[in-house]
Structures are given as C-alpha cells and as structure tokens.
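This is protein.cif. It holds mmCIF, N, CA and C atoms.
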data_query
#
loop_
_atom_site.label_atom_id
_atom_site.label_comp_id
_atom_site.auth_asym_id
_atom_site.auth_seq_id
_atom_site.Cartn_x
_atom_site.Cartn_y
_atom_site.Cartn_z
N MET M 1 31.26 122.80 95.06
CA MET M 1 30.42 123.96 95.31
C MET M 1 30.75 125.11 94.36
N TRP M 2 31.86 125.02 93.66
CA TRP M 2 32.28 126.05 92.72
C TRP M 2 31.22 126.28 91.64
N HIS M 3 30.43 125.26 91.33
CA HIS M 3 29.47 125.33 90.24
C HIS M 3 28.10 125.87 90.65
N VAL M 4 27.92 126.21 91.92
CA VAL M 4 26.62 126.71 92.37
C VAL M 4 26.32 128.07 91.74
N LEU M 5 27.23 129.02 91.84
CA LEU M 5 26.98 130.37 91.33
C LEU M 5 26.68 130.37 89.82
N PRO M 6 27.47 129.68 88.98
CA PRO M 6 27.13 129.67 87.56
C PRO M 6 25.80 128.99 87.24
N SER M 7 25.36 128.08 88.11
CA SER M 7 24.12 127.36 87.82
C SER M 7 22.88 128.10 88.31
N LEU M 8 23.04 129.23 88.99
CA LEU M 8 21.88 129.97 89.48
C LEU M 8 20.96 130.41 88.35
N GLY M 9 21.52 130.81 87.23
CA GLY M 9 20.70 131.24 86.10
C GLY M 9 20.55 130.19 85.02
N LEU M 10 20.91 128.97 85.35
CA LEU M 10 20.92 127.88 84.36
C LEU M 10 19.56 127.69 83.69
N ALA M 11 18.50 127.72 84.47
CA ALA M 11 17.17 127.45 83.93
C ALA M 11 16.72 128.51 82.94
N VAL M 12 17.20 129.73 83.09
CA VAL M 12 16.77 130.83 82.22
C VAL M 12 17.79 131.13 81.13
N ASP M 13 19.08 131.00 81.45
CA ASP M 13 20.13 131.37 80.50
C ASP M 13 20.30 130.36 79.37
N LYS M 14 19.93 129.12 79.60
CA LYS M 14 20.05 128.07 78.57
C LYS M 14 18.66 127.74 78.06
N PRO M 15 18.29 128.23 76.88
CA PRO M 15 16.93 128.03 76.36
C PRO M 15 16.54 126.55 76.25
N ALA M 16 17.49 125.68 76.01
CA ALA M 16 17.16 124.26 75.90
C ALA M 16 16.74 123.67 77.24
N LEU M 17 17.16 124.29 78.35
CA LEU M 17 16.83 123.77 79.68
C LEU M 17 15.60 124.44 80.30
N THR M 18 15.15 125.54 79.74
CA THR M 18 14.00 126.25 80.30
C THR M 18 12.76 125.37 80.35
N PRO M 19 12.44 124.58 79.32
CA PRO M 19 11.26 123.71 79.44
C PRO M 19 11.40 122.66 80.55
N LEU M 20 12.61 122.26 80.84
CA LEU M 20 12.83 121.25 81.87
C LEU M 20 12.69 121.84 83.27
N PHE M 21 13.29 123.01 83.51
CA PHE M 21 13.30 123.61 84.85
C PHE M 21 12.25 124.71 85.03
N GLY M 22 11.82 125.33 83.96
CA GLY M 22 10.88 126.43 84.06
C GLY M 22 11.59 127.73 84.45
N ARG M 23 10.80 128.76 84.69
CA ARG M 23 11.35 130.07 85.02
C ARG M 23 11.07 130.48 86.47
N SER M 24 10.54 129.57 87.25
CA SER M 24 10.18 129.90 88.64
C SER M 24 11.40 129.78 89.56
N PRO M 25 11.30 130.37 90.75
CA PRO M 25 12.39 130.21 91.72
C PRO M 25 12.62 128.74 92.10
N LEU M 26 11.54 127.96 92.15
CA LEU M 26 11.67 126.54 92.45
C LEU M 26 12.44 125.82 91.34
N GLY M 27 12.22 126.22 90.11
CA GLY M 27 12.98 125.66 88.98
C GLY M 27 14.46 126.00 89.09
N ALA M 28 14.77 127.21 89.54
CA ALA M 28 16.16 127.61 89.71
C ALA M 28 16.83 126.79 90.81
N VAL M 29 16.11 126.55 91.90
CA VAL M 29 16.65 125.71 92.99
C VAL M 29 16.89 124.30 92.48
N PHE M 30 15.94 123.77 91.73
CA PHE M 30 16.08 122.42 91.18
C PHE M 30 17.29 122.34 90.24
N ALA M 31 17.50 123.37 89.43
CA ALA M 31 18.65 123.41 88.52
C ALA M 31 19.97 123.41 89.30
N VAL M 32 20.01 124.15 90.40
CA VAL M 32 21.23 124.19 91.23
C VAL M 32 21.47 122.83 91.87
N VAL M 33 20.42 122.20 92.38
CA VAL M 33 20.57 120.89 93.01
C VAL M 33 21.07 119.87 92.00
N VAL M 34 20.51 119.88 90.80
CA VAL M 34 20.96 118.95 89.75
C VAL M 34 22.42 119.22 89.39
N ALA M 35 22.80 120.50 89.27
CA ALA M 35 24.18 120.84 88.94
C ALA M 35 25.14 120.38 90.04
N VAL M 36 24.77 120.56 91.30
CA VAL M 36 25.63 120.14 92.41
C VAL M 36 25.76 118.62 92.44
N LEU M 37 24.67 117.90 92.24
CA LEU M 37 24.73 116.44 92.22
C LEU M 37 25.59 115.93 91.06
N PHE M 38 25.40 116.53 89.89
CA PHE M 38 26.17 116.11 88.72
C PHE M 38 27.65 116.40 88.90
N THR M 39 27.99 117.59 89.37
CA THR M 39 29.40 117.92 89.53
C THR M 39 30.03 117.15 90.69
N GLY M 40 29.23 116.83 91.70
CA GLY M 40 29.73 115.98 92.78
C GLY M 40 30.08 114.59 92.28
N ALA M 41 29.19 114.02 91.45
CA ALA M 41 29.46 112.71 90.86
C ALA M 41 30.68 112.77 89.95
N ALA M 42 30.82 113.85 89.20
CA ALA M 42 31.99 114.02 88.33
C ALA M 42 33.26 114.11 89.18
N GLY M 43 33.18 114.78 90.32
CA GLY M 43 34.33 114.88 91.21
C GLY M 43 34.76 113.52 91.74
N VAL M 44 33.79 112.67 92.07
CA VAL M 44 34.11 111.31 92.50
C VAL M 44 34.79 110.55 91.36
N LEU M 45 34.27 110.70 90.15
CA LEU M 45 34.87 110.05 88.98
C LEU M 45 36.30 110.55 88.75
N PHE M 46 36.49 111.86 88.82
CA PHE M 46 37.83 112.41 88.62
C PHE M 46 38.79 111.95 89.72
N GLY M 47 38.30 111.89 90.95
CA GLY M 47 39.13 111.41 92.04
C GLY M 47 39.54 109.96 91.87
N GLU M 48 38.60 109.14 91.44
CA GLU M 48 38.92 107.72 91.21
C GLU M 48 39.88 107.57 90.03
N LEU M 49 39.70 108.36 89.02
CA LEU M 49 40.62 108.33 87.88
C LEU M 49 42.02 108.73 88.32
N ARG M 50 42.11 109.71 89.19
CA ARG M 50 43.40 110.14 89.74
C ARG M 50 44.03 109.02 90.56
N ARG M 51 43.22 108.37 91.38
CA ARG M 51 43.73 107.29 92.23
C ARG M 51 44.24 106.12 91.40
N ARG M 52 43.47 105.75 90.38
CA ARG M 52 43.85 104.59 89.57
C ARG M 52 45.03 104.88 88.64
N SER M 53 45.10 106.10 88.12
CA SER M 53 46.17 106.42 87.18
C SER M 53 47.45 106.85 87.89
N GLY M 54 47.32 107.37 89.10
CA GLY M 54 48.48 107.86 89.82
C GLY M 54 48.98 109.19 89.28
N SER M 55 48.20 109.84 88.47
CA SER M 55 48.62 111.09 87.85
C SER M 55 47.43 112.05 87.78
N LEU M 56 47.74 113.33 87.79
CA LEU M 56 46.69 114.33 87.60
C LEU M 56 46.35 114.54 86.13
N LEU M 57 47.20 114.05 85.24
CA LEU M 57 46.97 114.28 83.81
C LEU M 57 45.68 113.63 83.31
N ALA M 58 45.36 112.44 83.79
CA ALA M 58 44.16 111.75 83.32
C ALA M 58 42.88 112.52 83.70
N PRO M 59 42.67 112.87 84.97
CA PRO M 59 41.45 113.63 85.28
C PRO M 59 41.45 115.04 84.67
N MET M 60 42.63 115.64 84.56
CA MET M 60 42.68 116.96 83.91
C MET M 60 42.28 116.85 82.44
N GLY M 61 42.77 115.82 81.76
CA GLY M 61 42.42 115.61 80.36
C GLY M 61 40.94 115.34 80.18
N LEU M 62 40.36 114.52 81.07
CA LEU M 62 38.93 114.24 80.99
C LEU M 62 38.12 115.50 81.26
N HIS M 63 38.54 116.28 82.24
CA HIS M 63 37.83 117.54 82.54
C HIS M 63 37.89 118.47 81.34
N TRP M 64 39.05 118.59 80.72
CA TRP M 64 39.18 119.43 79.53
C TRP M 64 38.27 118.93 78.42
N ALA M 65 38.25 117.60 78.21
CA ALA M 65 37.42 117.04 77.14
C ALA M 65 35.93 117.29 77.39
N VAL M 66 35.49 117.13 78.63
CA VAL M 66 34.09 117.39 78.96
C VAL M 66 33.75 118.86 78.74
N ASN M 67 34.63 119.75 79.18
CA ASN M 67 34.39 121.18 78.96
C ASN M 67 34.36 121.53 77.48
N ALA M 68 35.28 120.95 76.71
CA ALA M 68 35.33 121.22 75.27
C ALA M 68 34.06 120.71 74.59
N PHE M 69 33.60 119.52 74.99
CA PHE M 69 32.37 118.98 74.41
C PHE M 69 31.18 119.86 74.76
N GLY M 70 31.11 120.34 76.00
CA GLY M 70 30.03 121.23 76.41
C GLY M 70 30.04 122.54 75.62
N TYR M 71 31.21 123.08 75.42
CA TYR M 71 31.33 124.31 74.64
C TYR M 71 30.88 124.07 73.20
N LEU M 72 31.34 122.95 72.63
CA LEU M 72 30.97 122.63 71.25
C LEU M 72 29.46 122.40 71.12
N ALA M 73 28.87 121.67 72.06
CA ALA M 73 27.43 121.43 72.02
C ALA M 73 26.67 122.74 72.14
N GLY M 74 27.10 123.60 73.04
CA GLY M 74 26.44 124.91 73.18
C GLY M 74 26.56 125.75 71.94
N PHE M 75 27.72 125.70 71.30
CA PHE M 75 27.92 126.45 70.07
C PHE M 75 27.02 125.93 68.96
N LEU M 76 26.90 124.61 68.85
CA LEU M 76 26.09 124.03 67.78
C LEU M 76 24.59 124.17 68.02
N LEU M 77 24.18 124.28 69.27
CA LEU M 77 22.75 124.37 69.60
C LEU M 77 22.22 125.79 69.69
N ARG M 78 23.09 126.77 69.51
CA ARG M 78 22.60 128.16 69.65
C ARG M 78 21.83 128.61 68.46
#

Could you take the file, read its structure, and then write that structure out as structure tokens?
Amino acid sequence: MWHVLPSLGLAVDKPALTPLFGRSPLGAVFAVVVAVLFTGAAGVLFGELRRRSGSLLAPMGLHWAVNAFGYLAGFLLR
C-alpha cells in the first residue's frame, strides 16, 4: 500500500502514461489499481525470493536493480 500515494498522479505526471490512463479521475483510479496490483505481485516475488534464498540480500538487490532500471528509463525517456 506504500505505493498508492505516489501513484495518485501517475497518469498525469508521466507523459508516456497519459495516453494509456488519460487525465480523468477514472484514469487516476485505474492507474492506482494497476500500481497496487503490480507492486503486490512484486511483493510476492520478493517474498518467494527471500524464502528460497534464505537471505534478505537477494530481494533487496532485485528491488534496487528494478528501481535503478526505472530511474534510468525515466531519465532516458524525458
């Protein structure tokens, strides 16, 4: 649920996503739902990675890599 607040303006703040979600309140709700579903699935993946590896380092490293890739993609697409 941590990702709900940052995703409230997702449809408008990210120009690449505006055509997908639009600028309406319904588009904003849809963007939040998609963000919650995606981060929920990522949480399941991170939890399973933690369970299988027996360490927090593996999911932490994957989380860092995903965040770094997102930052890099955003930087290159601006």

*asked:* Please compute the atom C of Gly61 (chain M)-CA of Leu20 (chain M) distance, one decimal, in Å.
replied: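 According to the coordinates, atom C of Gly61 (chain M) and CA of Leu20 (chain M) are separated by 28.8 Å.
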
Region 59-76 of chain M: axis-aligned bounding box, 8 Å on each side, centre and edge lengths in Å, one decimal, as lines of an AutoDock Vina configuration file:
center_x = 33.7
center_y = 119.7
center_z = 76.5
size_x = 34.2
size_y = 29.6
size_z = 33.5

*I need the residue set behind the PyMOL selection byres ((chain M and resi 6-9) around 8) for this file; please write it as number ranges by chain.*
M: 1-5, 10-14, 27-29, 31-33, 35-36

*Would you mind reading off the distance between CA of Tyr71 (chain M) and CA of Pro59 (chain M), one decimal, in Å?*
18.2 Å

_Can you measure atom N of Gly70 (chain M) to atom C of Ser24 (chain M) for me? One decimal in Å is fine._
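It comes out at 25.7 Å.
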
*Among region 6-73 of chain M, which ones does DSSP place in helix (DSSP H, G or I), written as a ChimeraX atom specification?*
/M:6-7,10-13,18-21,25-53,57-73

_Using all atoms listed in the file for the distances, tell me which of M:Ala58, M:Val66, M:Leu17, M:Leu26 is nearest to Phe46 (chain M)._
M:Ala58
